[in-house]
Amino acid sequence: MSQKFQEIINSEKPVLIDFFATWCQPCKVQSSVLVTVKEQVGDSARIIKIDIDQYPAIASEYNVRGVPTLAIFKKGQMLWKESGVHDVNSLVNLIKQHQ
């Protein structure tokens, strides 16, 4: 997964990563928000979900301490990262800033 993850974040388009856990209630809320975000940004960005329990090495590498944690990558660089639940408008605006 780590090699695949590197390929994903090296994209020319912004990639929003949702670090989540299946047992996390706020993560379920964030997940439904991301569906709407994807509808609004379309193909201009990718949204990828990473289960921290399945991929603890990736979570550790990017210093994910709590879930949900969202991060935006582009060309392999982390441009933004924040924990907690975020609303549709904030995320859409963040993605547009990094296009």
# chains A, B, ... in the order shown; residues from 1 in each chain; ligands from 1
call {"tool": "select_by_dssp", "arguments": {"residues": "chain A", "states": "strand (DSSP E or B)", "output": "list in words"}}
result
Val15, Leu16, Ile17, Asp18, Phe19, Phe20, Arg46, Ile47, Ile48, Lys49, Ile50, Asp51, Thr69, Leu70, Ala71, Ile72, Phe73, Lys74, Gln77, Met78, Leu79, Trp80, Lys81, Glu82 and Ser83 of chain A
call {"tool": "residues_around", "arguments": {"residues": "region 11-18 of chain A", "least_positions_apart": "2", "cutoff": "7 Å", "atoms": "only C-alpha atoms", "output": "ChimeraX atom specification"}}
result
/A:8-9,20,44-50,68-75,95,98-99
call {"tool": "closest_residue", "arguments": {"among": "A:Ala21, A:Val37, A:Cys27, A:Ile58", "to": "Ser2 (chain A)", "atoms": "only C-alpha atoms"}}
result
A:Ile58
call {"tool": "atom_distance", "arguments": {"atom1": "CA of Val88 (chain A)", "atom2": "CA of Ser32 (chain A)"}}
result
9.7 Å
call {"tool": "select_by_dssp", "arguments": {"residues": "chain A", "states": "alpha helix (DSSP H)", "output": "MDAnalysis selection string"}}
result
chainID A and resid 2:9 25:41 56:61 88:97
call {"tool": "closest_residue", "arguments": {"among": "A:Ser83, A:Val33, A:Asn93, A:Val67", "to": "Asp53 (chain A)", "atoms": "only C-alpha atoms"}}
result
A:Val67
call {"tool": "residues_around", "arguments": {"residues": "Val92 (chain A)", "least_positions_apart": "6", "cutoff": "9 Å", "atoms": "only C-alpha atoms", "output": "count of residues only"}}
result
4
call {"tool": "closest_residue", "arguments": {"among": "A:Leu91, A:Lys96, A:Glu39, A:Val85", "to": "Pro26 (chain A)", "atoms": "only C-alpha atoms"}}
result
A:Val85
call {"tool": "closest_residue", "arguments": {"among": "A:Thr36, A:Gln77, A:Asn10, A:Thr22", "to": "Gln54 (chain A)", "atoms": "only C-alpha atoms"}}
result
A:Thr22
call {"tool": "closest_residue", "arguments": {"among": "A:Gln25, A:Gln6, A:Ser31, A:Asn63", "to": "His86 (chain A)", "atoms": "only C-alpha atoms"}}
result
A:Ser31
call {"tool": "atom_distance", "arguments": {"atom1": "CA of Tyr55 (chain A)", "atom2": "CA of Gln3 (chain A)"}}
result
12.2 Å
call {"tool": "atom_distance", "arguments": {"atom1": "CA of Phe19 (chain A)", "atom2": "CA of Gly66 (chain A)"}}
result
8.7 Å
call {"tool": "decode", "arguments": {"residues": "chain A", "atoms": "C-alpha atoms", "output": "tab-separated table (two decimals), in the first residue's frame"}}
result
chain	number	residue	atom	x	y	z
A	1	MET	CA	0.00	0.00	0.00
A	2	SER	CA	2.83	2.41	0.74
A	3	GLN	CA	4.06	2.34	-2.88
A	4	LYS	CA	0.49	2.75	-4.12
A	5	PHE	CA	-0.04	5.58	-1.60
A	6	GLN	CA	3.05	7.37	-2.95
A	7	GLU	CA	1.69	7.07	-6.49
A	8	ILE	CA	-1.67	8.50	-5.37
A	9	ILE	CA	-0.22	11.54	-3.56
A	10	ASN	CA	2.20	12.32	-6.41
A	11	SER	CA	-0.80	13.35	-8.50
A	12	GLU	CA	-0.86	16.64	-10.40
A	13	LYS	CA	-4.36	17.14	-8.98
A	14	PRO	CA	-5.01	17.74	-5.28
A	15	VAL	CA	-5.64	14.54	-3.33
A	16	LEU	CA	-7.71	14.77	-0.16
A	17	ILE	CA	-6.85	11.91	2.19
A	18	ASP	CA	-9.36	10.96	4.88
A	19	PHE	CA	-7.57	9.07	7.65
A	20	PHE	CA	-10.36	7.26	9.46
A	21	ALA	CA	-11.25	4.24	11.62
A	22	THR	CA	-14.31	2.03	11.30
A	23	TRP	CA	-15.08	2.39	15.04
A	24	CYS	CA	-14.97	6.21	14.92
A	25	GLN	CA	-18.39	7.89	14.98
A	26	PRO	CA	-17.20	11.35	13.80
A	27	CYS	CA	-15.49	9.57	10.88
A	28	LYS	CA	-18.89	8.36	9.68
A	29	VAL	CA	-20.14	11.96	9.70
A	30	GLN	CA	-17.03	13.10	7.82
A	31	SER	CA	-17.51	10.33	5.27
A	32	SER	CA	-20.98	11.56	4.34
A	33	VAL	CA	-19.63	15.13	4.03
A	34	LEU	CA	-16.94	13.86	1.63
A	35	VAL	CA	-19.59	12.39	-0.68
A	36	THR	CA	-20.98	15.90	-1.19
A	37	VAL	CA	-17.48	17.36	-1.54
A	38	LYS	CA	-16.71	14.85	-4.32
A	39	GLU	CA	-19.93	15.80	-6.11
A	40	GLN	CA	-18.88	19.47	-6.02
A	41	VAL	CA	-15.21	19.10	-7.02
A	42	GLY	CA	-15.75	16.32	-9.56
A	43	ASP	CA	-12.60	15.25	-11.38
A	44	SER	CA	-10.56	18.26	-10.26
A	45	ALA	CA	-9.42	16.34	-7.14
A	46	ARG	CA	-9.29	12.83	-5.75
A	47	ILE	CA	-10.65	11.80	-2.36
A	48	ILE	CA	-9.08	8.72	-0.81
A	49	LYS	CA	-9.94	7.03	2.48
A	50	ILE	CA	-7.18	5.37	4.53
A	51	ASP	CA	-8.19	3.11	7.43
A	52	ILE	CA	-5.58	3.75	10.14
A	53	ASP	CA	-6.11	0.28	11.61
A	54	GLN	CA	-5.35	-1.38	8.26
A	55	TYR	CA	-2.47	0.95	7.37
A	56	PRO	CA	-0.88	2.08	10.66
A	57	ALA	CA	2.51	2.70	8.99
A	58	ILE	CA	1.02	5.33	6.67
A	59	ALA	CA	-0.85	6.97	9.56
A	60	SER	CA	2.34	7.02	11.60
A	61	GLU	CA	4.44	8.37	8.74
A	62	TYR	CA	2.12	11.38	8.43
A	63	ASN	CA	1.80	11.86	12.19
A	64	VAL	CA	-1.92	11.07	12.37
A	65	ARG	CA	-2.75	11.11	16.08
A	66	GLY	CA	-6.55	11.21	15.98
A	67	VAL	CA	-9.37	10.46	13.59
A	68	PRO	CA	-10.77	11.80	11.45
A	69	THR	CA	-7.71	13.57	10.13
A	70	LEU	CA	-7.83	15.09	6.66
A	71	ALA	CA	-4.80	15.99	4.56
A	72	ILE	CA	-4.36	17.48	1.11
A	73	PHE	CA	-1.44	16.34	-1.03
A	74	LYS	CA	-0.27	17.44	-4.45
A	75	LYS	CA	2.85	16.30	-6.30
A	76	GLY	CA	3.89	14.32	-3.23
A	77	GLN	CA	3.78	17.31	-0.87
A	78	MET	CA	1.43	17.62	2.09
A	79	LEU	CA	-0.13	21.06	1.68
A	80	TRP	CA	-2.61	20.97	4.56
A	81	LYS	CA	-3.56	18.67	7.45
A	82	GLU	CA	-6.09	18.99	10.23
A	83	SER	CA	-7.98	16.69	12.59
A	84	GLY	CA	-11.70	16.83	13.28
A	85	VAL	CA	-14.86	16.96	11.22
A	86	HIS	CA	-14.91	19.60	8.46
A	87	ASP	CA	-17.88	20.99	6.54
A	88	VAL	CA	-18.46	20.78	2.79
A	89	ASN	CA	-17.76	24.44	1.99
A	90	SER	CA	-14.47	24.54	3.91
A	91	LEU	CA	-13.19	21.41	2.16
A	92	VAL	CA	-14.31	22.51	-1.31
A	93	ASN	CA	-12.58	25.88	-0.79
A	94	LEU	CA	-9.39	24.19	0.45
A	95	ILE	CA	-9.29	21.91	-2.59
A	96	LYS	CA	-9.84	24.88	-4.93
A	97	GLN	CA	-6.99	26.79	-3.25
A	98	HIS	CA	-4.59	23.94	-4.08
A	99	GLN	CA	-5.61	23.26	-7.68
